[in-house]
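Participant: Please find one structure pasted underneath; my questions will follow.
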Amino acid sequence: MKSHRHTIFMALLAAALFGITTPLAKALLGSVSPFMLAGLFYLGSGSGLAVVLLLRRLLARRGASSAAHGPGHDPLRLAELPWLAGAIAAGGVAAPALLMLGLNSTPAATSALLLNLEGVLTALIAWVCFRENFDAQIALGMLAIVAGGVLLSWPGAHAGAVSGIAPGALLVALACLCWAVDNNLTRKVSTNDAMVVACTKGLVAGPVNIGIALAAGAHWPAWQAVSGAMLVGFTGYGVSLVLFVVSLRHLGTARTGAYFSVAPLFGVALSLLLWPERPALAFWLALALMAFGVWLHVRERHDHAHTHEPLEHTHAHRHEEHHQHEHDFAWDGSEPHTHAHRHAPITHSHSHYPDVHHRHAH
């Protein structure tokens, strides 16, 4: 459970990095069109992570012995490419396009409320379509977090902003559905190198969104805006997505989605620092609701006898109870290490999350 607490922190950090992109994007939107900004964010994510991957490979060649840590990160398997392609198409291409089209005819307050659908839809797809385990406590925690997000984005002083659904509201809701599909499909490739997965998403989605922007008549912004947007994209989209993929691997989709749903809280907090004003009562109530929801998730203890079916995959691991296997390469005992390995059938009982090793029926 200690390692899972560490993963929960990673999920919350991913939410924080993504959440602060909203006020930063607001500061950039004056000089960059929405589609262009989305493309630069993704391009900054993909190219920044590509540089990190290149440096990692160079350092591995220079000093680290591959034999000491295993064969290293295997490439994505052919059978996994459709999952990744679907995730990129849904979350990296369709969702931003639908969101930008919807924002053209939807009040900002209404859009903010609708964006809370992503967490709900992510959990529903995980629970209904992928049969991910949950109980009343997890459902209540998700409800509290989403309620906090709704309260946080409630228009308040903007009277009538949510009176009636704007024509573009359906497009915003569809964008949330696409991101929810993206989250669930990404889980299918979460055992792979998270940095490669996130880098691939960025390098594909970035040029596509920039192409859409240019086709719509947008102009290439000044280099200061380009570099600023790409830097924000590297941290808020790139590093955040790497942490998100790792969290998917260890916590499952619905729980990771729940933690990620607190992102707006970090965005509002940064906005209050950039544009100082006294926080409204809604901010503190939202903070309490989200904290309560996170607390319910953190205190979860799911323990029962379960059987692991034979499984073969690749990811970083230590030789604990789930990883008792031999190596067909020279290994000096260094952990964690990464290589393709096979899990033999095993039946035991312990506390666990719906991670990559516990996707069993109940």
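Lettering and numbering for the structure tokens are positional, with chains as A, B, ... in the shown order, residues counted from 1 in each chain, and ligands counted from 1 in the shown order.
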Excluding Met10 of chain A and residues on its chain fewer than 3 positions from it, collect all residues at most 7 Å away from it, counting only C-alpha atoms, and give them as JSON, numbers by chain.
Facilitator: {"A": [6, 7, 13, 14, 243, 247]}
Participant: Include N, CA and C atoms and write out the residues we just selected as a compact mmCIF listing (two decimals), in the first residue's frame.
Facilitator:
# COMPACT_ATOMS: atom_id res chain seq x y z
N HIS A 6 2.38 6.45 -2.93
CA HIS A 6 3.31 7.20 -3.77
C HIS A 6 2.67 7.48 -5.13
N THR A 7 1.95 6.48 -5.67
CA THR A 7 1.30 6.65 -6.96
C THR A 7 0.16 7.66 -6.86
N LEU A 13 -0.11 15.12 -8.46
CA LEU A 13 0.87 16.01 -9.08
C LEU A 13 0.54 16.19 -10.56
N ALA A 14 0.11 15.12 -11.23
CA ALA A 14 -0.31 15.23 -12.63
C ALA A 14 -1.48 16.20 -12.75
N LEU A 243 3.01 11.14 -15.71
CA LEU A 243 2.57 10.78 -14.36
C LEU A 243 1.19 10.13 -14.40
N SER A 247 0.12 6.38 -13.18
CA SER A 247 -0.98 6.22 -12.22
C SER A 247 -2.02 5.24 -12.74
Participant: Quick check for you: according to DSSP on this backbone, which residues of segment 123-337 of chain A are classed as strand (DSSP E)? Reply as a VMD selection string.
Facilitator: chain A and resid 303 to 308 311 to 317 337
Participant: Nearest residue to Gly46 of chain A out of A:Val294, A:Leu241, A:Cys199, A:Ile212, using only C-alpha atoms?
Facilitator: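 Among the listed residues, the smallest separation from Gly46 of chain A belongs to A:Cys199.
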Participant: Identify, on the basis of only C-alpha atoms, every residue whose closest approach to Glu312 of chain A does not exceed 10 Å; exclude the query and any residue fewer than 3 positions from it along the same chain; express the result as a VMD selection string.
Facilitator: chain A and resid 309 340 to 344
Participant: What are the nearest atom pairs, with distances in Å to one decimal, for all residues of segment 220-338 of chain A that come at most 10 Å from segment 170-193 of chain A, using only C-alpha atoms, set out by chain and rising residue number as a tab-separated table?
Facilitator:
residue	atom	partner	partner_atom	distance
A:Val242	CA	A:Asp193	CA	8.8
A:Phe244	CA	A:Asn183	CA	9.2
A:Val245	CA	A:Ser190	CA	5.6
A:Val246	CA	A:Ser190	CA	6.6
A:Ser247	CA	A:Ser190	CA	8.6
A:Leu248	CA	A:Arg187	CA	5.7
A:Arg249	CA	A:Ser190	CA	5.3
A:His250	CA	A:Ser190	CA	9.1
A:Gly252	CA	A:Arg187	CA	7.5
A:Thr253	CA	A:Asn184	CA	6.2
A:Ala254	CA	A:Asn184	CA	8.6
A:Thr256	CA	A:Asn183	CA	9.2
A:Gly257	CA	A:Asn183	CA	7.8
A:His313	CA	A:Thr191	CA	7.2
A:Thr314	CA	A:Thr191	CA	6.1
A:His315	CA	A:Thr191	CA	5.1
A:Ala316	CA	A:Thr191	CA	8.2
A:Thr338	CA	A:Asp193	CA	9.2
